[in-house]
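K.L.:
Have a look at the structure that comes next, please.
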Amino acid sequence: MIEFVNFISNLAMPMIILLIVIYGLIEKKEVFDKFIEGAKDGIKIVINIFPTLVGLFLAVGTLRSSGIIDIIIKFIDPLLKLINFPSEIMPLAILRPISGSSSIAIATDIMKNFGVDSQIGMMAAVIMGATETTLYTIAVYSSSVKIKKTRFVLIAALTADIVGILTSIVICRFLS
Amino acid sequence: MLNLVWPIFIIISFSYAIFSGNLQNLNTSIFDSVESAVNLSITMLGTICLWSGIINIANHTKIIQIINKLLKPVIKFLFPEIKYNQKAQNEISMNMVANILGLGNAATPLGLKAMETLQKENKNKNELSNSMIMLIVLNTASIQLIPTTIIAIRSSLNSKNPTAIIFPVWIATICAAITGITVTKLLIKYSKKREKI
């Protein structure tokens with residue numbers, strides 16, 4: 001099973017590229033010229049988002065290393081107990097929307113400490129699979145078109161994240 | 001949004017680090033963060049150029065029309081405002097395909113291309129349009145057939161059944177996506193009403 005899944009997921013990207021190139025050839029398009037033309041646009045996109053990345057990484061990196069997140073968790077722990085939310089998962093739930101690399105690190109840590117097949121370990125994995133780095137996505141997408149007024153996108157995306165995280169916890173409880 | 005969130009993050013973490021005598025750590029992480037931003041951008045430069053090039057080939061062939069036809073009902077429901085913008089529809093459907101296949105590296109460049117196209121017909125250039133918000137929300141809560149990264153981590157930790165999370169992940173993402181879409185649609189309706197008053 002695992003080998004088959006790995007095979008399929010390794011196949012996806014090469015197949016798409018191959019298919020598109022072959023299709024282009026069949027329709028007698030100048031495939032390489034079109035590729036270069038498109039790739040040039042890519043440079044512009046990266047230049048537009050680079051300053052955002054520096055600012056965002058600075059804020060998130062220092063937030064993580066300052067240790068303030070532990071304090072926040074200690075502070076809201078009674079509340080979590082009230083709604084029966086597993087407090088082991090909370091650091092992951094807080095960091096998941098703001099930082100991709102640190103949430104992977106925390107999730108791996110949880111899986112190691114509690115056992116990869118334990119209920120808490122499963123919760124961490126499902127949360128990682130079901131959610132995205134929301135703040136980063138919003139920042140990169142809006143800054144790529146130089147927009148500062150993002151209206152209600154943060155509220156909508158964070159609500160979706162919260163529902164995703166809560167559903168992950170409920171499913172894992174239900175399954176094991 | 002970031003004009004508010006960014007200073008809050010900086011003030012909280014800097015003052016807490018100074019207050020708790022964690023200065024050494026703070027200094028290291030300032031330089032580490034900036035460096036990882038550079039590293040990520042260089043990696044991204046490669047993948048973004050690659051996928052912008054590939055999508056440009058696809059855009060000139062019929063393959064994109066086939067994908068479009070398949071996704072038409074979905075796009076019509078989610079993005080009613082781009083009915084006549086074929087280019088935006090193409091890029092959004094490719095972005096969706098990449099997300100579903102779990103090609104995070106490809107999904108971002110394709111999504112950013114779609115943002116560029118949507119900005120061209122955006123009436124207020126300083127504000128996200130309704131379609132842009134929907135696109136971003138979909139990208140933060142997108143259904144992925146095979147969550148590859150996390151399966152790889154699980155199998156590296158010797159899980160008995162690394163792929164056991166696939167089904168729970170589907171359910172959780174579907175719930176998240178439905179919530180995201182509903183909230184966005186409701187807020188779009190609400191903001192329209194407010195404009196009329």
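Convention: chains lettered A, B, ... in structure tokens order; per-chain residue numbering from 1; ligands numbered from 1 as shown.
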Which polymer residues have any atom within 10 Å of an atom of Ile104 (chain A), counting only C-alpha atoms, with same-chain residues fewer than 4 positions away left out, as a list in words?

P.N.:
Leu92, Leu95, Arg96, Ser99, Gly100, Thr108, Asp109, Ile110, Ala124, Ala125 and Met128 of chain A; Thr149, Ile150 and Ile153 of chain B

K.L.:
Give me the residues within 8 Å of Leu71 (chain B) as a list in words, counting only C-alpha atoms and dropping any in the same chain fewer than 4 places off.

P.N.:
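Once the adjacent positions are removed, what remains is Ile67, Ile75 and Ser93 of chain B.
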
K.L.:
With a distance cut-off of 12 Å and only C-alpha atoms, select the neighbouring residues of Ile94 (chain A), excluding the residue or stretch itself and same-chain residues fewer than 6 positions from it, and output the selection as a VMD selection string.

P.N.:
chain A and resid 60 63 to 64 68 to 70 72 to 73 76 87 to 88 100 102 to 103 106 to 107 127 133 to 135 158 161 to 162 165

K.L.:
Could you check the closest approach to Tyr141 (chain A) for each of B:Leu157, B:Leu26, B:Leu101, B:Leu128 and tell me which residue wins, using only C-alpha atoms?

P.N.:
B:Leu128

K.L.:
What is the CA of Ala59 (chain A) to CA of Ile138 (chain A) distance in Å?

P.N.:
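Answer for the CA of Ala59 (chain A) to CA of Ile138 (chain A) separation: 15.2 Å.
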
K.L.:
I'd like the interatomic distance between CA of Tyr136 (chain A) and CA of Met1 (chain B), to a tenth of an Å.

P.N.:
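CA of Met1 (chain B) lies at a distance of 12.1 Å from CA of Tyr136 (chain A).
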
K.L.:
I need the residue nearest chain A from this list: B:Thr117, B:Asn130, B:Ser52, B:Gln24. Use only C-alpha atoms for the distance.

P.N.:
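Among B:Thr117, B:Asn130, B:Ser52, B:Gln24, it is B:Ser52 that comes nearest to chain A.
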
K.L.:
Taking only C-alpha atoms into account, name the residue in A:Ala139, A:Leu56, A:Val21, A:Leu11 that is nearest to Asp33 (chain A).

P.N.:
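Closest to Asp33 (chain A) of all the choices is A:Val21.
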
K.L.:
Restricting the calculation to only C-alpha atoms, which member of B:Asn122, B:Gln65, B:Asn39, B:Ser13 is positioned closest to chain A?

P.N.:
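That would be B:Ser13, the residue with the smallest distance to chain A.
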
K.L.:
Run DSSP on the backbone and tell me which residues of chain B come out as alpha helix (DSSP H); list them as a PyMOL selection string.

P.N.:
chain B and resi 2-19+23-59+63-78+86-100+104-120+130-140+148-156+166-196

K.L.:
Could you write out the selected residues, including C-alpha atoms, as a compact mmCIF listing (two decimals), in the first residue's frame?

P.N.:
```txt
# COMPACT_ATOMS: atom_id res chain seq x y z
CA LEU B 2 0.03 42.80 8.06
CA ASN B 3 0.31 46.45 9.09
CA LEU B 4 -1.42 45.33 12.26
CA VAL B 5 -0.21 41.74 12.71
CA TRP B 6 3.47 42.38 11.95
CA PRO B 7 4.17 45.07 14.60
CA ILE B 8 2.23 43.04 17.19
CA PHE B 9 4.44 40.01 16.54
CA ILE B 10 7.62 42.10 16.66
CA ILE B 11 6.69 44.01 19.83
CA ILE B 12 5.49 40.93 21.73
CA SER B 13 8.43 38.70 20.89
CA PHE B 14 11.19 41.34 21.14
CA SER B 15 10.03 42.78 24.44
CA TYR B 16 9.42 39.35 25.93
CA ALA B 17 12.88 38.17 24.87
CA ILE B 18 14.52 41.29 26.34
CA PHE B 19 12.43 41.02 29.50
CA LEU B 23 18.92 38.23 24.09
CA GLN B 24 21.46 35.80 22.67
CA ASN B 25 18.68 33.69 21.22
CA LEU B 26 16.88 36.71 19.84
CA ASN B 27 19.96 37.94 17.99
CA THR B 28 20.64 34.55 16.42
CA SER B 29 17.05 34.13 15.32
CA ILE B 30 16.96 37.59 13.69
CA PHE B 31 19.80 36.61 11.37
CA ASP B 32 18.52 33.06 10.90
CA SER B 33 15.08 34.30 9.84
CA VAL B 34 16.46 36.72 7.26
CA GLU B 35 18.75 34.04 5.90
CA SER B 36 15.95 31.49 5.56
CA ALA B 37 13.88 34.08 3.67
CA VAL B 38 16.73 34.35 1.15
CA ASN B 39 17.09 30.56 0.91
CA LEU B 40 13.39 30.06 0.36
CA SER B 41 13.27 32.75 -2.32
CA ILE B 42 16.14 31.18 -4.22
CA THR B 43 14.46 27.77 -4.12
CA MET B 44 11.18 29.40 -5.10
CA LEU B 45 12.80 31.26 -7.97
CA GLY B 46 13.54 27.89 -9.56
CA THR B 47 10.15 26.26 -9.06
CA ILE B 48 8.16 29.39 -9.86
CA CYS B 49 10.01 29.91 -13.16
CA LEU B 50 9.63 26.20 -13.98
CA TRP B 51 5.87 26.15 -13.42
CA SER B 52 5.25 29.54 -15.00
CA GLY B 53 6.98 28.14 -18.08
CA ILE B 54 5.03 24.88 -18.07
CA ILE B 55 1.67 26.63 -17.58
CA ASN B 56 2.53 28.93 -20.47
CA ILE B 57 2.98 25.90 -22.76
CA ALA B 58 -0.30 24.43 -21.47
CA ASN B 59 -2.07 27.75 -22.02
CA ILE B 63 -5.14 20.47 -22.70
CA ILE B 64 -6.17 23.46 -20.61
CA GLN B 65 -9.59 23.51 -22.28
CA ILE B 66 -10.16 19.89 -21.31
CA ILE B 67 -9.30 20.60 -17.67
CA ASN B 68 -11.44 23.73 -17.79
CA LYS B 69 -14.44 21.86 -19.06
CA LEU B 70 -14.15 19.39 -16.20
CA LEU B 71 -13.88 22.12 -13.57
CA LYS B 72 -16.33 24.55 -15.16
CA PRO B 73 -19.27 23.94 -12.77
CA VAL B 74 -17.01 24.35 -9.73
CA ILE B 75 -15.38 27.53 -11.04
CA LYS B 76 -18.73 28.99 -12.08
CA PHE B 77 -20.03 28.53 -8.54
CA LEU B 78 -16.91 29.76 -6.73
CA GLN B 86 -10.76 32.83 -19.88
CA LYS B 87 -7.14 33.38 -18.82
CA ALA B 88 -8.03 33.68 -15.13
CA GLN B 89 -10.21 30.58 -15.38
CA ASN B 90 -7.33 28.62 -16.95
CA GLU B 91 -4.89 29.61 -14.24
CA ILE B 92 -7.33 28.95 -11.41
CA SER B 93 -8.16 25.47 -12.74
CA MET B 94 -4.46 24.61 -13.05
CA ASN B 95 -3.94 25.87 -9.50
CA MET B 96 -6.77 23.61 -8.29
CA VAL B 97 -5.36 20.60 -10.13
CA ALA B 98 -1.91 21.18 -8.60
CA ASN B 99 -3.43 21.53 -5.11
CA ILE B 100 -5.48 18.36 -5.40
CA GLY B 104 2.54 22.47 -3.40
CA ASN B 105 5.57 23.63 -5.37
CA ALA B 106 3.45 24.03 -8.48
CA ALA B 107 0.27 25.31 -6.85
CA THR B 108 1.82 28.53 -5.50
CA PRO B 109 3.30 29.77 -8.81
CA LEU B 110 0.05 28.96 -10.61
CA GLY B 111 -1.99 30.70 -7.93
CA LEU B 112 0.23 33.78 -8.08
CA LYS B 113 -0.17 33.92 -11.86
CA ALA B 114 -3.93 33.83 -11.36
CA MET B 115 -3.65 36.70 -8.85
CA GLU B 116 -1.80 38.77 -11.46
CA THR B 117 -4.56 38.15 -14.02
CA LEU B 118 -7.32 38.90 -11.50
CA GLN B 119 -5.60 42.16 -10.51
CA LYS B 120 -5.87 43.37 -14.13
CA ASN B 130 -14.04 38.87 -4.20
CA SER B 131 -12.48 36.35 -6.61
CA MET B 132 -9.02 36.94 -5.12
CA ILE B 133 -10.31 36.27 -1.61
CA MET B 134 -11.97 33.06 -2.76
CA LEU B 135 -8.75 31.95 -4.48
CA ILE B 136 -6.67 32.60 -1.34
CA VAL B 137 -9.16 30.83 0.94
CA LEU B 138 -9.21 27.81 -1.40
CA ASN B 139 -5.42 27.69 -1.28
CA THR B 140 -5.35 27.77 2.52
CA THR B 148 2.87 13.26 0.80
CA THR B 149 5.04 15.20 3.25
CA ILE B 150 3.29 13.98 6.34
CA ILE B 151 3.15 10.36 5.09
CA ALA B 152 6.91 10.54 4.53
CA ILE B 153 7.46 11.80 8.09
CA ARG B 154 5.22 9.05 9.49
CA SER B 155 7.02 6.31 7.62
CA SER B 156 10.41 7.71 8.70
CA ILE B 166 -5.30 9.76 4.27
CA PHE B 167 -9.00 9.28 4.91
CA PRO B 168 -9.15 11.43 8.09
CA VAL B 169 -7.22 14.14 6.24
CA TRP B 170 -9.80 14.11 3.43
CA ILE B 171 -12.71 14.54 5.84
CA ALA B 172 -10.96 17.30 7.81
CA THR B 173 -10.00 19.23 4.65
CA ILE B 174 -13.46 18.91 3.15
CA CYS B 175 -14.96 20.33 6.35
CA ALA B 176 -12.38 23.15 6.37
CA ALA B 177 -12.93 23.92 2.67
CA ILE B 178 -16.73 23.98 3.00
CA THR B 179 -16.41 26.32 5.99
CA GLY B 180 -13.99 28.60 4.15
CA ILE B 181 -16.19 28.79 1.06
CA THR B 182 -19.37 29.40 3.08
CA VAL B 183 -17.83 32.13 5.24
CA THR B 184 -16.34 33.84 2.16
CA LYS B 185 -19.64 33.72 0.25
CA LEU B 186 -21.54 35.08 3.27
CA LEU B 187 -19.08 37.90 3.83
CA ILE B 188 -19.18 38.83 0.13
CA LYS B 189 -22.98 39.07 0.35
CA TYR B 190 -22.75 41.10 3.55
CA SER B 191 -20.21 43.57 2.11
CA LYS B 192 -22.40 44.05 -0.99
CA LYS B 193 -25.40 44.88 1.18
CA ARG B 194 -23.40 47.39 3.15
CA GLU B 195 -22.25 49.12 -0.03
CA LYS B 196 -25.85 49.61 -1.17
```
